[in-house]
>>> print(open('query.txt').read())   # compact mmCIF, C-alpha atoms and all ligand atoms
# COMPACT_ATOMS: atom_id res chain seq x y z
CA MET X 230 -23.84 -24.47 -16.54
CA ARG X 231 -24.90 -24.78 -12.89
CA THR X 232 -23.15 -22.97 -10.07
CA VAL X 233 -23.48 -25.94 -7.72
CA ASP X 234 -21.62 -28.20 -10.15
CA LEU X 235 -18.73 -25.71 -10.28
CA ILE X 236 -18.61 -25.50 -6.48
CA ILE X 237 -18.42 -29.31 -6.31
CA LYS X 238 -15.76 -29.37 -9.04
CA LYS X 239 -13.55 -26.97 -7.08
CA LYS X 240 -14.29 -28.76 -3.79
CA ASN X 241 -12.96 -31.95 -5.40
CA GLY X 242 -9.79 -30.19 -6.56
CA GLY X 243 -10.79 -29.66 -10.21
CA GLU X 244 -9.57 -26.84 -12.45
CA LEU X 245 -12.15 -24.22 -13.46
CA THR X 246 -12.10 -23.26 -17.13
CA ALA X 247 -12.13 -19.70 -18.52
CA ASP X 248 -15.83 -20.02 -19.43
CA GLU X 249 -16.71 -21.34 -15.99
CA ILE X 250 -14.86 -18.51 -14.24
CA ARG X 251 -16.52 -15.90 -16.46
CA PHE X 252 -19.93 -17.50 -15.78
CA LEU X 253 -19.31 -17.33 -12.01
CA ILE X 254 -18.07 -13.73 -11.98
CA SER X 255 -20.71 -12.28 -14.30
CA GLY X 256 -23.43 -14.27 -12.50
CA TYR X 257 -22.30 -12.88 -9.15
CA VAL X 258 -22.08 -9.27 -10.37
CA ASN X 259 -25.53 -9.54 -11.97
CA ASN X 260 -27.02 -10.97 -8.75
CA GLU X 261 -27.84 -14.29 -10.45
CA ILE X 262 -25.53 -16.17 -8.09
CA PRO X 263 -26.39 -15.60 -4.42
CA ASP X 264 -23.87 -14.82 -1.67
CA TYR X 265 -24.26 -18.28 -0.10
CA GLN X 266 -23.15 -20.06 -3.27
CA MET X 267 -20.28 -17.65 -3.88
CA SER X 268 -19.19 -18.03 -0.22
CA SER X 269 -19.13 -21.79 -0.65
CA LEU X 270 -17.05 -21.49 -3.81
CA LEU X 271 -14.62 -19.07 -2.12
CA MET X 272 -14.15 -21.50 0.77
CA ALA X 273 -13.48 -24.32 -1.69
CA ILE X 274 -10.85 -22.08 -3.33
CA CYS X 275 -9.28 -21.43 0.10
CA PHE X 276 -8.78 -25.17 0.55
CA ARG X 277 -8.01 -26.18 -3.04
CA GLY X 278 -6.32 -23.04 -4.38
CA LEU X 279 -6.25 -21.64 -7.91
CA ASN X 280 -3.54 -22.62 -10.37
CA PRO X 281 -1.79 -19.87 -12.42
CA ILE X 282 -4.18 -20.30 -15.39
CA GLU X 283 -7.24 -20.03 -13.14
CA GLN X 284 -5.72 -16.94 -11.49
CA PHE X 285 -5.21 -15.39 -14.90
CA TYR X 286 -8.84 -15.99 -15.96
CA LEU X 287 -10.19 -14.79 -12.60
CA THR X 288 -8.11 -11.61 -12.87
CA GLU X 289 -9.35 -11.06 -16.43
CA ALA X 290 -13.00 -11.64 -15.50
CA MET X 291 -12.77 -9.22 -12.56
CA MET X 292 -10.90 -6.60 -14.59
CA ASP X 293 -13.52 -6.85 -17.36
CA SER X 294 -16.36 -6.45 -14.84
CA GLY X 295 -15.74 -2.69 -14.61
CA GLU X 296 -14.30 0.41 -16.19
CA LYS X 297 -10.76 0.35 -17.57
CA ILE X 298 -8.64 3.48 -17.55
CA ASP X 299 -7.24 4.25 -20.98
CA LEU X 300 -3.84 5.91 -20.60
CA SER X 301 -2.98 5.60 -24.31
CA MET X 302 -3.44 9.32 -24.98
CA ILE X 303 -0.81 10.16 -22.38
CA SER X 304 2.57 10.65 -23.95
CA GLY X 305 5.40 9.08 -22.01
CA ILE X 306 5.83 6.00 -19.86
CA CYS X 307 3.01 5.32 -17.39
CA VAL X 308 3.95 3.32 -14.32
CA ASP X 309 2.07 2.09 -11.28
CA LYS X 310 3.19 0.98 -7.86
CA HIS X 311 1.23 -1.01 -5.31
CA SER X 312 1.92 -1.93 -1.72
CA THR X 313 0.14 -4.84 -0.08
CA GLY X 314 -0.24 -2.62 3.00
CA GLY X 315 1.72 -2.01 6.14
CA VAL X 316 2.20 0.26 9.13
CA GLY X 317 3.77 3.65 8.43
CA ASP X 318 3.96 2.93 4.70
CA LYS X 319 4.03 6.35 3.07
CA THR X 320 6.32 5.43 0.16
CA THR X 321 3.83 6.39 -2.58
CA LEU X 322 3.87 9.97 -1.27
CA SER X 323 7.62 10.22 -1.79
CA ILE X 324 8.30 8.02 -4.79
CA ALA X 325 5.48 9.38 -6.97
CA PRO X 326 7.02 12.89 -7.14
CA ILE X 327 10.54 11.44 -7.41
CA LEU X 328 9.53 9.34 -10.42
CA ALA X 329 7.69 12.25 -12.01
CA ALA X 330 10.80 14.42 -11.60
CA CYS X 331 12.86 11.61 -13.21
CA GLY X 332 10.66 11.59 -16.34
CA LEU X 333 8.04 8.89 -15.64
CA LYS X 334 4.26 9.30 -15.36
CA LEU X 335 2.51 7.90 -12.31
CA ALA X 336 -1.26 7.43 -12.61
CA LYS X 337 -2.12 6.12 -9.19
CA MET X 338 -5.43 4.91 -7.87
CA SER X 339 -5.15 4.35 -4.15
CA GLY X 340 -7.27 3.00 -1.36
CA ARG X 341 -8.19 3.99 2.16
CA GLY X 342 -6.81 2.38 5.26
CA LEU X 343 -8.79 -0.30 7.02
CA GLY X 344 -7.82 -1.88 10.30
CA HIS X 345 -4.24 -1.37 11.43
CA THR X 346 -2.85 -0.47 7.99
CA GLY X 347 -2.97 3.07 6.66
CA GLY X 348 -4.23 4.20 3.27
CA THR X 349 -2.63 6.76 0.96
CA LEU X 350 -5.92 8.61 0.43
CA ASP X 351 -6.42 9.24 4.14
CA LYS X 352 -2.87 10.53 4.36
CA LEU X 353 -3.32 12.93 1.44
CA GLU X 354 -6.62 14.18 2.85
CA SER X 355 -4.74 15.45 5.90
CA ILE X 356 -3.55 18.23 3.57
CA PRO X 357 -6.13 21.01 3.95
CA GLY X 358 -8.40 21.12 0.87
CA PHE X 359 -6.86 18.12 -0.94
CA ARG X 360 -9.29 16.41 -3.36
CA ILE X 361 -9.00 12.71 -4.17
CA ASP X 362 -12.19 12.52 -6.26
CA LEU X 363 -11.00 13.84 -9.63
CA SER X 364 -13.06 13.09 -12.72
CA ASN X 365 -11.41 10.87 -15.33
CA GLU X 366 -10.75 13.96 -17.48
CA GLU X 367 -9.13 15.84 -14.58
CA PHE X 368 -7.05 12.78 -13.68
CA LEU X 369 -5.72 12.35 -17.21
CA ARG X 370 -5.10 16.08 -17.74
CA GLN X 371 -3.13 16.28 -14.50
CA ILE X 372 -0.93 13.31 -15.46
CA GLN X 373 -0.29 14.90 -18.83
CA ASP X 374 0.57 18.28 -17.22
CA ILE X 375 2.64 17.35 -14.17
CA SER X 376 3.24 13.59 -14.62
CA LEU X 377 1.50 12.46 -11.45
CA ALA X 378 -1.91 12.18 -9.84
CA VAL X 379 -3.06 10.16 -6.85
CA VAL X 380 -6.81 9.63 -6.66
CA GLY X 381 -9.38 7.34 -5.07
CA GLN X 382 -10.27 4.22 -6.96
CA THR X 383 -13.72 4.73 -8.42
CA ALA X 384 -16.46 2.23 -7.62
CA LYS X 385 -16.58 1.49 -11.34
CA VAL X 386 -13.14 -0.20 -11.50
CA ALA X 387 -13.13 -4.02 -11.05
CA VAL X 388 -16.73 -4.05 -9.81
CA ALA X 389 -16.64 -7.81 -9.21
CA ASP X 390 -13.61 -7.48 -6.94
CA LYS X 391 -15.36 -4.88 -4.80
CA LYS X 392 -18.36 -7.16 -4.28
CA LEU X 393 -16.24 -10.27 -3.76
CA TYR X 394 -13.84 -8.53 -1.37
CA ALA X 395 -16.74 -7.46 0.87
CA LEU X 396 -17.99 -11.07 0.90
CA ARG X 397 -14.52 -12.50 1.57
CA ASP X 398 -14.11 -10.07 4.46
CA VAL X 399 -17.09 -11.59 6.33
CA THR X 400 -16.69 -15.24 5.30
CA GLY X 401 -13.11 -15.86 6.43
CA THR X 402 -11.88 -16.17 2.84
CA ILE X 403 -9.50 -13.22 2.54
CA ASP X 404 -6.27 -15.13 2.93
CA ALA X 405 -6.24 -17.38 -0.15
CA ILE X 406 -3.18 -16.35 -2.15
CA GLY X 407 -4.85 -16.91 -5.55
CA LEU X 408 -7.76 -14.68 -4.52
CA ILE X 409 -5.47 -11.94 -3.17
CA ALA X 410 -3.27 -12.01 -6.29
CA SER X 411 -6.26 -11.83 -8.67
CA SER X 412 -7.92 -9.13 -6.59
CA ILE X 413 -4.87 -6.84 -6.55
CA MET X 414 -3.91 -7.47 -10.17
CA SER X 415 -7.45 -6.97 -11.54
CA LYS X 416 -7.35 -3.41 -10.16
CA LYS X 417 -3.77 -2.72 -11.26
CA LEU X 418 -4.47 -3.95 -14.80
CA ALA X 419 -7.70 -1.95 -15.02
CA SER X 420 -5.72 1.17 -14.06
CA GLY X 421 -3.92 1.02 -17.38
CA ALA X 422 -0.18 1.36 -16.64
CA ASP X 423 2.31 -0.68 -18.68
CA TYR X 424 4.82 -1.13 -15.86
CA ILE X 425 3.74 -2.42 -12.46
CA LEU X 426 5.89 -2.54 -9.34
CA LEU X 427 4.54 -4.48 -6.37
CA ASP X 428 5.81 -3.92 -2.84
CA VAL X 429 4.89 -7.13 -1.01
CA LYS X 430 5.21 -6.59 2.74
CA VAL X 431 6.31 -9.47 4.96
CA GLY X 432 6.15 -9.60 8.74
CA SER X 433 4.10 -8.92 11.84
CA GLY X 434 2.47 -5.76 10.44
CA ALA X 435 1.66 -7.25 7.02
CA PHE X 436 -0.99 -9.46 5.44
CA MET X 437 1.73 -12.04 4.76
CA LYS X 438 3.36 -12.92 8.06
CA ASP X 439 5.95 -15.34 6.67
CA LEU X 440 8.44 -15.18 3.82
CA ALA X 441 7.27 -18.38 2.11
CA SER X 442 3.67 -17.12 1.64
CA ALA X 443 4.86 -13.65 0.63
CA ARG X 444 7.09 -15.25 -2.00
CA ILE X 445 4.19 -17.26 -3.44
CA LEU X 446 1.97 -14.15 -3.52
CA ALA X 447 4.70 -12.10 -5.21
CA LYS X 448 5.36 -14.81 -7.82
CA SER X 449 1.64 -15.23 -8.50
CA MET X 450 1.14 -11.50 -9.12
CA VAL X 451 4.25 -11.18 -11.29
CA GLU X 452 3.11 -14.15 -13.36
CA ILE X 453 -0.37 -12.64 -13.83
CA GLY X 454 1.20 -9.35 -14.93
CA HIS X 455 3.45 -11.13 -17.44
CA ARG X 456 0.52 -13.11 -18.87
CA PHE X 457 -1.15 -9.76 -19.59
CA GLY X 458 2.01 -8.53 -21.33
CA LYS X 459 2.87 -6.00 -18.60
CA LYS X 460 6.35 -5.61 -17.24
CA THR X 461 5.81 -6.55 -13.59
CA VAL X 462 8.28 -6.82 -10.73
CA ALA X 463 7.66 -7.51 -7.02
CA ILE X 464 9.92 -6.53 -4.16
CA LEU X 465 9.54 -8.34 -0.84
CA THR X 466 10.09 -5.85 1.97
CA ASN X 467 10.31 -6.02 5.74
CA MET X 468 7.21 -5.15 7.78
CA ASN X 469 8.40 -6.59 11.08
CA GLN X 470 8.54 -3.06 12.45
CA PRO X 471 6.75 0.10 11.30
CA LEU X 472 8.33 1.78 8.29
CA GLY X 473 10.19 4.96 9.24
CA GLU X 474 9.11 6.77 12.41
CA ALA X 475 5.68 8.19 11.64
CA VAL X 476 2.42 6.22 11.89
CA GLY X 477 -0.67 8.41 11.40
CA ASN X 478 -1.91 10.49 8.53
CA SER X 479 -0.46 14.03 8.70
CA LEU X 480 2.63 12.72 10.54
CA GLU X 481 3.31 10.42 7.59
CA VAL X 482 2.85 13.17 5.00
CA ILE X 483 5.36 15.29 6.90
CA GLU X 484 7.83 12.38 6.97
CA ALA X 485 7.35 11.87 3.22
CA LEU X 486 8.08 15.58 2.69
CA GLU X 487 11.19 15.33 4.85
CA MET X 488 12.36 12.47 2.61
CA LEU X 489 11.87 14.71 -0.43
CA LYS X 490 14.09 17.28 1.32
CA GLY X 491 16.87 14.71 1.70
CA ARG X 492 16.12 13.92 5.33
CA GLY X 493 13.97 11.30 7.05
CA PRO X 494 14.54 7.89 8.69
CA ALA X 495 17.12 5.58 7.09
CA ASP X 496 14.83 2.56 6.49
CA PHE X 497 12.16 4.69 4.83
CA LYS X 498 14.72 6.40 2.62
CA ALA X 499 16.29 3.07 1.68
CA LEU X 500 12.91 1.65 0.66
CA CYS X 501 12.01 4.72 -1.41
CA TYR X 502 15.36 4.51 -3.20
CA ALA X 503 14.95 0.77 -3.83
CA LEU X 504 11.40 1.05 -5.23
CA ALA X 505 12.08 4.14 -7.34
CA SER X 506 15.34 2.62 -8.67
CA GLU X 507 13.56 -0.57 -9.70
CA LEU X 508 10.99 1.41 -11.71
CA LEU X 509 13.67 3.57 -13.33
CA ILE X 510 15.51 0.42 -14.44
CA MET X 511 12.35 -1.44 -15.55
CA THR X 512 11.47 1.46 -17.82
CA ASP X 513 15.03 1.86 -19.17
CA ILE X 514 15.31 5.42 -17.91
CA VAL X 515 18.65 4.31 -16.44
CA PRO X 516 20.73 1.15 -17.01
CA SER X 517 21.84 0.42 -13.42
CA TYR X 518 21.14 0.92 -9.71
CA ASP X 519 24.11 3.25 -9.43
CA LYS X 520 22.73 5.53 -12.11
CA ALA X 521 19.24 5.32 -10.60
CA GLN X 522 20.54 6.34 -7.16
CA ARG X 523 22.40 9.28 -8.67
CA LEU X 524 19.35 10.46 -10.58
CA ILE X 525 17.20 10.25 -7.42
CA ASP X 526 19.88 12.09 -5.41
CA GLN X 527 19.82 14.81 -8.05
CA VAL X 528 16.02 15.37 -8.15
CA ILE X 529 16.02 15.54 -4.35
CA ALA X 530 19.03 17.87 -4.13
CA ASP X 531 17.76 20.34 -6.74
CA GLY X 532 14.21 20.38 -5.27
CA ALA X 533 12.58 19.00 -8.44
CA ALA X 534 10.86 16.12 -6.60
CA LEU X 535 9.56 18.38 -3.83
CA GLU X 536 8.24 20.80 -6.46
CA ARG X 537 6.31 17.92 -8.13
CA PHE X 538 4.67 17.14 -4.80
CA ARG X 539 3.74 20.83 -4.37
CA GLU X 540 2.30 20.89 -7.90
CA MET X 541 0.23 17.78 -7.21
CA VAL X 542 -1.20 19.39 -4.07
CA ARG X 543 -1.99 22.57 -6.01
CA TYR X 544 -3.66 20.67 -8.88
CA GLN X 545 -5.74 18.66 -6.40
CA ALA X 546 -6.97 21.81 -4.61
CA GLY X 547 -4.88 21.37 -1.48
CA ASN X 548 -2.88 24.10 0.20
CA PRO X 549 0.60 23.85 -1.42
CA ASP X 550 2.18 25.88 1.40
CA VAL X 551 2.07 22.76 3.64
CA VAL X 552 5.22 21.67 1.87
CA PHE X 553 7.21 24.35 3.73
CA ASP X 554 4.95 25.09 6.68
CA TYR X 555 3.97 22.00 8.64
CA SER X 556 1.92 24.06 11.10
CA LEU X 557 -0.77 24.16 8.38
CA PHE X 558 -1.49 20.47 9.04
CA PRO X 559 -4.03 19.64 11.74
CA GLN X 560 -2.25 19.51 15.12
CA THR X 561 -2.93 17.43 18.22
CA LYS X 562 -3.49 18.91 21.67
CA TYR X 563 -1.02 16.57 23.39
CA GLN X 564 2.24 14.78 22.73
CA ILE X 565 3.10 12.06 25.21
CA GLU X 566 6.56 10.54 25.34
CA VAL X 567 6.71 6.79 26.01
CA ILE X 568 10.00 5.96 27.67
CA SER X 569 12.04 2.83 28.17
CA GLU X 570 12.19 1.55 31.72
CA VAL X 571 15.21 -0.64 30.97
CA CYS X 572 18.46 -0.29 29.09
CA GLY X 573 19.42 -2.63 26.25
CA TYR X 574 18.94 -3.13 22.52
CA VAL X 575 15.64 -3.01 20.64
CA ALA X 576 15.11 -6.52 19.24
CA ALA X 577 11.60 -5.99 17.82
CA VAL X 578 8.92 -3.32 17.41
CA ASP X 579 5.57 -5.02 16.89
CA ALA X 580 4.18 -3.26 13.82
CA LEU X 581 0.72 -4.72 14.31
CA ALA X 582 0.57 -3.43 17.91
CA ILE X 583 1.72 0.06 16.87
CA GLY X 584 -0.78 0.08 13.98
CA GLN X 585 -3.57 -0.96 16.31
CA ALA X 586 -2.59 1.65 18.91
CA ALA X 587 -2.62 4.34 16.19
CA MET X 588 -6.06 3.12 15.15
CA GLN X 589 -7.26 3.38 18.77
CA LEU X 590 -6.11 6.99 18.77
CA GLY X 591 -8.29 7.66 15.72
CA ALA X 592 -5.71 7.45 12.90
CA GLY X 593 -7.54 4.50 11.31
CA ARG X 594 -11.03 3.06 11.02
CA LYS X 595 -12.49 0.16 12.97
CA THR X 596 -15.40 0.06 10.54
CA LYS X 597 -15.71 1.52 7.04
CA ASP X 598 -17.90 4.40 8.26
CA ASP X 599 -15.67 5.64 11.11
CA CYS X 600 -14.26 9.17 10.85
CA ILE X 601 -10.53 9.51 11.25
CA ASP X 602 -8.48 12.17 13.01
CA SER X 603 -5.72 13.29 10.62
CA ALA X 604 -3.47 14.70 13.31
CA VAL X 605 -3.13 11.76 15.70
CA GLY X 606 -0.59 8.98 15.54
CA ILE X 607 2.62 7.60 16.92
CA LYS X 608 6.26 8.36 16.18
CA VAL X 609 8.51 5.37 16.74
CA LYS X 610 11.75 6.74 18.15
CA ALA X 611 13.58 3.47 18.86
CA LYS X 612 13.94 1.11 15.90
CA VAL X 613 15.32 -2.43 15.82
CA GLY X 614 19.04 -2.38 16.69
CA CYS X 615 18.81 0.87 18.69
CA ASN X 616 20.85 0.99 21.91
CA LEU X 617 18.72 2.42 24.74
CA GLN X 618 19.44 3.84 28.15
CA ARG X 619 16.78 3.85 30.88
CA GLY X 620 14.52 6.86 30.31
CA ASP X 621 15.21 7.13 26.56
CA ALA X 622 12.22 7.70 24.31
CA LEU X 623 10.66 4.66 22.67
CA ALA X 624 7.86 6.57 20.97
CA VAL X 625 5.81 9.75 21.06
CA ILE X 626 2.01 9.53 21.06
CA TYR X 627 0.19 12.39 19.29
CA THR X 628 -3.30 12.52 20.73
CA ASN X 629 -6.35 14.70 21.18
CA GLY X 630 -7.69 12.54 24.00
CA ILE X 631 -6.91 12.31 27.65
CA ASN X 632 -3.82 10.54 28.91
CA ASP X 633 -4.69 6.84 28.47
CA PRO X 634 -2.41 4.62 30.62
CA ASP X 635 -3.58 1.44 28.81
CA LEU X 636 -2.58 2.85 25.46
CA ILE X 637 0.80 4.01 26.76
CA GLU X 638 1.39 0.53 28.14
CA GLU X 639 0.32 -1.02 24.84
CA VAL X 640 2.86 1.11 22.97
CA GLN X 641 5.54 0.29 25.53
CA ARG X 642 4.80 -3.43 25.20
CA ALA X 643 5.28 -3.22 21.41
CA PHE X 644 9.04 -2.87 22.04
CA THR X 645 11.12 -5.95 22.85
CA ILE X 646 14.35 -4.92 24.55
CA ILE X 647 17.15 -7.39 25.21
CA GLN X 648 20.69 -7.20 26.58
CA GLU X 649 22.53 -8.69 23.58
CA LYS X 650 23.53 -6.43 20.71
CA VAL X 651 21.03 -6.52 17.82
CA GLU X 652 21.76 -5.64 14.20
CA SER X 653 19.29 -3.38 12.38
CA GLU X 654 17.05 -5.24 9.90
CA LYS X 655 17.35 -5.09 6.11
CA ILE X 656 14.40 -3.36 4.49
CA VAL X 657 14.55 -5.09 1.08
CA ILE X 658 14.43 -8.87 1.36
CA GLU X 659 14.41 -9.98 -2.28
CA THR X 660 13.12 -9.12 -5.73
CA VAL X 661 10.89 -11.31 -7.91
CA TYR X 662 11.11 -10.81 -11.68
N1 LIG X 701 -5.70 -6.16 -1.15
C1 LIG X 701 -6.54 -6.31 -2.18
O1 LIG X 701 -6.76 -5.40 -2.97
N2 LIG X 701 -7.16 -7.50 -2.34
C2 LIG X 701 -6.97 -8.54 -1.51
O2 LIG X 701 -7.54 -9.60 -1.70
C3 LIG X 701 -6.08 -8.36 -0.41
C4 LIG X 701 -5.45 -7.16 -0.27
>>> encode(input="query.txt", output="structure tokens", more="lines below")
Ligand code: URA
Amino acid sequence: MRTVDLIIKKKNGGELTADEIRFLISGYVNNEIPDYQMSSLLMAICFRGLNPIEQFYLTEAMMDSGEKIDLSMISGICVDKHSTGGVGDKTTLSIAPILAACGLKLAKMSGRGLGHTGGTLDKLESIPGFRIDLSNEEFLRQIQDISLAVVGQTAKVAVADKKLYALRDVTGTIDAIGLIASSIMSKKLASGADYILLDVKVGSGAFMKDLASARILAKSMVEIGHRFGKKTVAILTNMNQPLGEAVGNSLEVIEALEMLKGRGPADFKALCYALASELLIMTDIVPSYDKAQRLIDQVIADGAALERFREMVRYQAGNPDVVFDYSLFPQTKYQIEVISEVCGYVAAVDALAIGQAAMQLGAGRKTKDDCIDSAVGIKVKAKVGCNLQRGDALAVIYTNGINDPDLIEEVQRAFTIIQEKVESEKIVIETVY
């Protein structure tokens, strides 16, 4: 087999076979296929796509290129949840302890934030002392003991995806749906859970800006999951404005804790309930949404979910007192209120602009090696549909830097305010089974 022939085959719209895909992936991982040939192939895939069978074989080849987590010794039902990434998305922090309190086991390998989207690991590391680098033995023991663990994905999982993702990032080949679906699913499948819930974000702050592409991505991932015999569901959710109020690491952990105390912004709560309910139904813990909602209400009301979060922090060497004492989180020197200069209704809050402003403050990384500041961020005070008077708060900037008029203006510009009444937006758009 020659790599160049396979590049030409794909360029001409041909279908790659299982053997050909395995040859390409193992050749690339073993440095037998150079970056320039793989780049050319990736570009051909961007133009010609991958059909469902090719996506399946690519997922399998990437999953087999690294370590697979064996959860078979864990008694109980192991579930996993993945978000395609958004602004202010702290749902894992709330739904993991909720699900654990409801009787499921969540073995979660998470990533760091890059660009304008945040990462669960960076958020958790804002808790003083919190460790995300557990050994496999520690990870499995913790899941067995307290039913949840959230750790960093080791470099050994889906090795081919790691190498390919870095190449895609610099060759303009990230946004091919078949490549995204195989990339995400290779890591999810290697993580070992039998039930996979995918939160596919749609909108200005998401990878997928339009509903049609998000739908294709969701369907592709669900189909891959089914072909591997895993119960897989995707929920398309709104990322046209930041989720909840908080954008920034410790601010988001605090908001997730508030949710576990029965408080927190309505859209964030609604999404947590929707995602957790779907998993409780998928796993037959409950037969209906009504019953799922009641069970979630109960584990929040009796403190069981909050206690699971506290246990996770304790097991992962963080300070568990943060759960009740938010002053233990790193604090910023300044809080600057951004106010509305007009009255009217909020028609849009540009999630991408807010995410980028938070990144400018130091909440995210511009390059992989940047350090982040856990305390900084933005709280969005006026969400879509909100009726504003002149002088009302749009947002609060949490910063350690000097007053930056450009940044304040940027945050202000993220809000579109009009005179006509605007309805608030639905958080869950549709579900793909
Ligand atoms: N997230 C991933 O893990 N892979 C992609 O290709 C895109 C988003």
>>> closest_residue(input="query.txt", among="X:Tyr502, X:Phe285, X:Phe644, X:Phe436", to="Ala622 of chain X", atoms="all atoms listed in the file")
X:Phe644
>>> residues_near_ligand(input="query.txt", ligand="ligand LIG 701 (chain X)", cutoff="6 Å", atoms="all atoms listed in the file", output="JSON, numbers by chain")
{"X": [403, 408, 409, 412, 413]}
>>> residues_around(input="query.txt", residues="segment 420-434 of chain X", least_positions_apart="5", cutoff="7 Å", atoms="all atoms listed in the file", output="PyMOL selection string")
chain X and resi 297-300+307-316+439-440+443+447+459-470+508+579-581
>>> write_last_selection(input="query.txt", atoms="C-alpha atoms", output="mmCIF file, keeping the file's coordinate frame")
data_model
loop_
_atom_site.group_PDB
_atom_site.id
_atom_site.type_symbol
_atom_site.label_atom_id
_atom_site.label_comp_id
_atom_site.auth_asym_id
_atom_site.auth_seq_id
_atom_site.Cartn_x
_atom_site.Cartn_y
_atom_site.Cartn_z
ATOM 1 C CA LYS X 297 -10.760 0.350 -17.570
ATOM 2 C CA ILE X 298 -8.640 3.480 -17.550
ATOM 3 C CA ASP X 299 -7.240 4.250 -20.980
ATOM 4 C CA LEU X 300 -3.840 5.910 -20.600
ATOM 5 C CA CYS X 307 3.010 5.320 -17.390
ATOM 6 C CA VAL X 308 3.950 3.320 -14.320
ATOM 7 C CA ASP X 309 2.070 2.090 -11.280
ATOM 8 C CA LYS X 310 3.190 0.980 -7.860
ATOM 9 C CA HIS X 311 1.230 -1.010 -5.310
ATOM 10 C CA SER X 312 1.920 -1.930 -1.720
ATOM 11 C CA THR X 313 0.140 -4.840 -0.080
ATOM 12 C CA GLY X 314 -0.240 -2.620 3.000
ATOM 13 C CA GLY X 315 1.720 -2.010 6.140
ATOM 14 C CA VAL X 316 2.200 0.260 9.130
ATOM 15 C CA ASP X 439 5.950 -15.340 6.670
ATOM 16 C CA LEU X 440 8.440 -15.180 3.820
ATOM 17 C CA ALA X 443 4.860 -13.650 0.630
ATOM 18 C CA ALA X 447 4.700 -12.100 -5.210
ATOM 19 C CA LYS X 459 2.870 -6.000 -18.600
ATOM 20 C CA LYS X 460 6.350 -5.610 -17.240
ATOM 21 C CA THR X 461 5.810 -6.550 -13.590
ATOM 22 C CA VAL X 462 8.280 -6.820 -10.730
ATOM 23 C CA ALA X 463 7.660 -7.510 -7.020
ATOM 24 C CA ILE X 464 9.920 -6.530 -4.160
ATOM 25 C CA LEU X 465 9.540 -8.340 -0.840
ATOM 26 C CA THR X 466 10.090 -5.850 1.970
ATOM 27 C CA ASN X 467 10.310 -6.020 5.740
ATOM 28 C CA MET X 468 7.210 -5.150 7.780
ATOM 29 C CA ASN X 469 8.400 -6.590 11.080
ATOM 30 C CA GLN X 470 8.540 -3.060 12.450
ATOM 31 C CA LEU X 508 10.990 1.410 -11.710
ATOM 32 C CA ASP X 579 5.570 -5.020 16.890
ATOM 33 C CA ALA X 580 4.180 -3.260 13.820
ATOM 34 C CA LEU X 581 0.720 -4.720 14.310
#
>>> residues_around(input="query.txt", residues="Gly573 of chain X", least_positions_apart="2", cutoff="12 Å", atoms="only C-alpha atoms", output="PyMOL selection string")
chain X and resi 569-571+575-577+611+613-621+623+644-651
>>> closest_residue(input="query.txt", among="X:Ser268, X:Thr383, X:Thr246, X:Thr346", to="Leu472 of chain X", atoms="only C-alpha atoms")
X:Thr346
>>> closest_residue(input="query.txt", among="X:Leu446, X:Ile453, X:Ala435, X:Ala604", to="His345 of chain X", atoms="only C-alpha atoms")
X:Ala435
>>> residues_near_point(input="query.txt", point="(13.4, 22.5, -4.2)", cutoff="12 Å", atoms="all atoms listed in the file", output="PyMOL selection string")
chain X and resi 326-327+330+486-487+489-491+527-540+552-553
>>> residues_around(input="query.txt", residues="Leu393 of chain X", least_positions_apart="2", cutoff="10 Å", atoms="all atoms listed in the file", output="list in words")
Ile254, Tyr257, Val258, Asp264, Met267, Ser268, Leu271, Met291, Val388, Ala389, Asp390, Lys391, Ala395, Leu396, Arg397, Asp398, Thr402, Ile403, Leu408 and Ser412 of chain X
>>> closest_residue(input="query.txt", among="X:Val605, X:Leu369, X:Ile525, X:Ile262", to="Ala499 of chain X", atoms="all atoms listed in the file")
X:Ile525
>>> residues_around(input="query.txt", residues="Ile372 of chain X", least_positions_apart="2", cutoff="8 Å", atoms="all atoms listed in the file", output="PDB file with C-alpha atoms, keeping the file's coordinate frame")
ATOM      1  CA  ILE X 303      -0.810  10.160 -22.380  1.00  0.00           C
ATOM      2  CA  LYS X 334       4.260   9.300 -15.360  1.00  0.00           C
ATOM      3  CA  LEU X 335       2.510   7.900 -12.310  1.00  0.00           C
ATOM      4  CA  ALA X 336      -1.260   7.430 -12.610  1.00  0.00           C
ATOM      5  CA  PHE X 368      -7.050  12.780 -13.680  1.00  0.00           C
ATOM      6  CA  LEU X 369      -5.720  12.350 -17.210  1.00  0.00           C
ATOM      7  CA  ARG X 370      -5.100  16.080 -17.740  1.00  0.00           C
ATOM      8  CA  ASP X 374       0.570  18.280 -17.220  1.00  0.00           C
ATOM      9  CA  ILE X 375       2.640  17.350 -14.170  1.00  0.00           C
ATOM     10  CA  SER X 376       3.240  13.590 -14.620  1.00  0.00           C
ATOM     11  CA  LEU X 377       1.500  12.460 -11.450  1.00  0.00           C
ATOM     12  CA  ALA X 378      -1.910  12.180  -9.840  1.00  0.00           C
TER      13      ALA X 378
END
>>> atom_distance(input="query.txt", atom1="atom CA of Leu328 of chain X", atom2="atom CA of Val551 of chain X")
20.8 Å
>>> residues_around(input="query.txt", residues="Ile626 of chain X", least_positions_apart="5", cutoff="6 Å", atoms="all atoms listed in the file", output="list in words")
Gln564, Ile565 and Ile607 of chain X
>>> write_last_selection(input="query.txt", atoms="C-alpha atoms", output="compact mmCIF listing (two decimals), in the frame of the given file")
# COMPACT_ATOMS: atom_id res chain seq x y z
CA GLN X 564 2.24 14.78 22.73
CA ILE X 565 3.10 12.06 25.21
CA ILE X 607 2.62 7.60 16.92
